[in-house]
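Trainee: This is the structure I want to talk about, given as structure tokens.
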Amino acid sequence: MEVGRKIPISNFQPPISNLLWRQITIRTFILILAASAFILLAACSAPEAAIETPTVGATQPRATNTPRPTVQPVSPVPTSAPKPTETPRPKVLRVNGGALPETLDPQKASLVSEWAHLQMIYEGLTRFNENLEVIPAAAEKWEYNAAATELTLTLRKGLKYADGAPLTAPRFAYALKRNINPKTSGDHTALTDEIKGALDWRNARPDTKPDDLRKLESAVDANIQTLDAGGKPCKTGRDGYAQEDCLTLKLVFAQPAPHFHVVMGTWVAYPIKEENIGAAKDLWNTLKALSGNGPFVVKRIEPGVRVRFETNPNYWGDKAKTAIEFSYLADSAAAVQAYKKNDLDVVALASEDVEKIQADAEIVKQLASNPGACTFGVMFALDKEPFVDLRVRQAFALAIDRDAFVRDVLRGAGAPTLTWIPKGFPGFPADEKRWAFDAAAAKKALSESKYVSADKLPPVTLSFVDSPRTRARFEWLQKQWKQVLGVDAKMNPVDQNAYANLARDPKTAPQIYLQGWCAVYPDPQYWLSLYWKTGTIADRIKYSNKALDQILVEADAKADQKKRLELYARAHDLLMVDAPAAFIWNSVNAYLVKPWVKDYKSTPLNRWFPGDAIPTSVDIDQALLPK
């Protein structure tokens, strides 16, 4: 997912139901094509994470200086009398993320800016800790049956929304059903496709008869069950919402889905209150009206300028240590200037900012970075010469000096990679070394292809949406392949519409794509099955390997986590053998962070500030605040 953009996912109709399709498609896959024509952010396809400051086409409010209260000197008093204490400065973490959210509906959100807001005021049944491990959240425990075709989640007792209303299993059941409902039309509807009946209902044709729609809905109802303390079905409707012992949610799947508890930590399972939907007409009043179950509540809104979140007193878990304020400065340079004036405590950095900050001996001390959640690389069209030939693909991959690319093109705003799954995520193959830069091996691979030499290759054209950033990346690749392999690749920069037309026609579709894929949840199934299985996004480059498909089908259904990881490792290995892509870099989350910001826990899934995935840990050391 590129921060502030949309995540790409192609609009493919998969042959099996557990592929996040159709709606994990358009806006979502748009996010992924960060470096290609689909440069648009989100969970399934590529954002160039927190390094890119989100931008929006809406108004770009000016930075405003919020003066902090000053401390008046205290006159000496006799030692026998109690000493007056200084009034502490208010605790508030002031963050700039840049992008205004487009929607604050959990079942429709697909932008990083939207997720950043929603995760403050909502919580799923599970969540992810700083090590990307899945841990209990609103659910205190979960359990699969032996075949992993059923998942039972038990909610904590006494859960409440911020407004004090009881939070029970039917609220989560409603959210899941709403995500599936074709009327919702969310971008990540397919995340819940494993639920039996979900795929049929959400894919219902617009002209489906009402009676038939009700049957499809009823089939889903039967597989999203809410149970009371005695194991009996809970009351329905509003009565179910108020039934305090209705704490069990049971999900039945169309096929084994041992990863589904991970999906329950994403925004599609956030328990939006049915009665609050459509309660407000504009975005900001919607945000104020939402009563969530997360660690924060919205306390103050300046539309388009800032939003202040404060501790939710009804949150079951650790209470927030500081208030948090989001600002909306779309210009990253303006945000950095506001940071230097102490008007902001944290700023997510654009790639062009990182190099400047590294050259500043003083402010560089406040630079914080951690691995991101996206992988980018060159995707070869396997139905187009010369990339039908495996040895040609290997030659082009071996000819890429990834360290130089990150240094010279990204200016350090990335991390070189040889693997599809990023470091820090489950399934990362730490020992993978294939296709690392080796000029001699690249030339040898080309000589062993059916073309033998560069002068006998068919024309290679690099088509891409013309922008300064994308052009620089393709110019570097063009030069690299010329120097190492002697290939004279032709540049073909075009506008967005022209590129879309090229890509739509198989005869003119690009030979090479520069694309990315970003994590929505930390599981190898997301990285491998949802992208590389036949009929998914890999169809874009016509990649299909039946042996890989078979391994992934087995891995997706395996309940034993150790065996699942072993199978996914085999799948990743086979993917590397086929070399349908040359992976180049992972995103890096880069921020400026003031010295008084303490105890934040960074993860690759950070969005607006380091530690925002676990915001209750962040604190402000008031003793370090400027006087």
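Chain labels follow the order of the structure tokens: the first chain is A, the next B, and so on; residue numbering restarts at 1 in every chain, and ligands are counted from 1 in their shown order.
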Give me the residues within 10 Å of segment 622-624 of chain A as a ChimeraX atom specification, counting only C-alpha atoms and dropping any in the same chain fewer than 2 places off.

Mentor: /A:88-92,594-597,619-620,626-627

Trainee: Would you return as a PyMOL selection string the members of segment 78-315 of chain A that DSSP assigns to strand (DSSP E or B) on this structure's backbone?

Mentor: chain A and resi 92-96+126-128+134-136+139-144+150-155+160+166+195+224-227+233+248-253+296-302+306-311

Trainee: Would you compute the distance between atom CA of Asp207 of chain A and atom CA of Tyr174 of chain A? Give it in Å to one decimal.

Mentor: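 The value is 24.3 Å.
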
Trainee: Could you check which of A:Glu352, A:Asp163, A:Asp408, A:Asp431 is closest to Phe296 of chain A, using only C-alpha atoms?

Mentor: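 Of A:Glu352, A:Asp163, A:Asp408, A:Asp431, the one nearest Phe296 of chain A, counting only C-alpha atoms, is A:Asp163.
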
Trainee: Please provide as a list in words all residues within 7 Å of segment 198-205 of chain A, with the sequence filter that same-chain residues fewer than 2 positions apart are discarded (counting only C-alpha atoms).

Mentor: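 With the cut-off at 7 Å, the set is Ser17, Ile180, Asn181, Pro182, Asp193, Ile195, Lys196, Asp207, Thr208, Leu216, Glu217 and Val220 of chain A.
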
Trainee: Write the selection just made, keeping N, CA and C atoms, as an mmCIF file, in the first residue's frame?

Mentor:
```
data_model
loop_
_atom_site.group_PDB
_atom_site.id
_atom_site.type_symbol
_atom_site.label_atom_id
_atom_site.label_comp_id
_atom_site.auth_asym_id
_atom_site.auth_seq_id
_atom_site.Cartn_x
_atom_site.Cartn_y
_atom_site.Cartn_z
ATOM 1 N N SER A 17 -13.380 -19.765 -3.706
ATOM 2 C CA SER A 17 -13.983 -18.715 -2.892
ATOM 3 C C SER A 17 -13.076 -18.052 -1.906
ATOM 4 N N ILE A 180 -20.205 -8.331 3.742
ATOM 5 C CA ILE A 180 -20.544 -9.245 2.656
ATOM 6 C C ILE A 180 -21.671 -8.697 1.791
ATOM 7 N N ASN A 181 -22.598 -7.985 2.381
ATOM 8 C CA ASN A 181 -23.791 -7.501 1.698
ATOM 9 C C ASN A 181 -23.422 -6.737 0.426
ATOM 10 N N PRO A 182 -23.953 -7.145 -0.737
ATOM 11 C CA PRO A 182 -23.597 -6.457 -1.988
ATOM 12 C C PRO A 182 -23.985 -4.986 -1.992
ATOM 13 N N ASP A 193 -14.694 -13.790 2.291
ATOM 14 C CA ASP A 193 -15.245 -14.778 1.355
ATOM 15 C C ASP A 193 -15.213 -16.208 1.875
ATOM 16 N N ILE A 195 -16.313 -17.327 4.573
ATOM 17 C CA ILE A 195 -17.563 -17.658 5.250
ATOM 18 C C ILE A 195 -18.511 -18.306 4.243
ATOM 19 N N LYS A 196 -19.072 -19.403 4.612
ATOM 20 C CA LYS A 196 -19.911 -20.171 3.701
ATOM 21 C C LYS A 196 -21.108 -19.334 3.241
ATOM 22 N N ASP A 207 -29.787 -7.571 -10.841
ATOM 23 C CA ASP A 207 -31.165 -7.878 -11.198
ATOM 24 C C ASP A 207 -31.701 -9.125 -10.489
ATOM 25 N N THR A 208 -30.957 -9.614 -9.461
ATOM 26 C CA THR A 208 -31.430 -10.772 -8.705
ATOM 27 C C THR A 208 -32.755 -10.452 -8.026
ATOM 28 N N LEU A 216 -30.060 -15.957 -0.314
ATOM 29 C CA LEU A 216 -28.596 -15.854 -0.244
ATOM 30 C C LEU A 216 -28.177 -15.272 1.095
ATOM 31 N N GLU A 217 -28.917 -14.268 1.554
ATOM 32 C CA GLU A 217 -28.615 -13.670 2.845
ATOM 33 C C GLU A 217 -28.841 -14.659 3.981
ATOM 34 N N VAL A 220 -25.998 -17.020 4.494
ATOM 35 C CA VAL A 220 -24.896 -16.422 5.247
ATOM 36 C C VAL A 220 -25.255 -16.346 6.727
#
```

Trainee: What lies within 9 Å of Ile614 of chain A using only C-alpha atoms, ignoring chain neighbours under 5 positions off, as number ranges by chain?

Mentor: A: 128-130, 600-603, 606

Trainee: With a distance cut-off of 7 Å and only C-alpha atoms, select the neighbouring residues of Thr248 of chain A, excluding the residue or stretch itself and same-chain residues fewer than 2 positions from it, and output the selection as number ranges by chain.

Mentor: A: 152-155, 169, 226-228, 246, 250
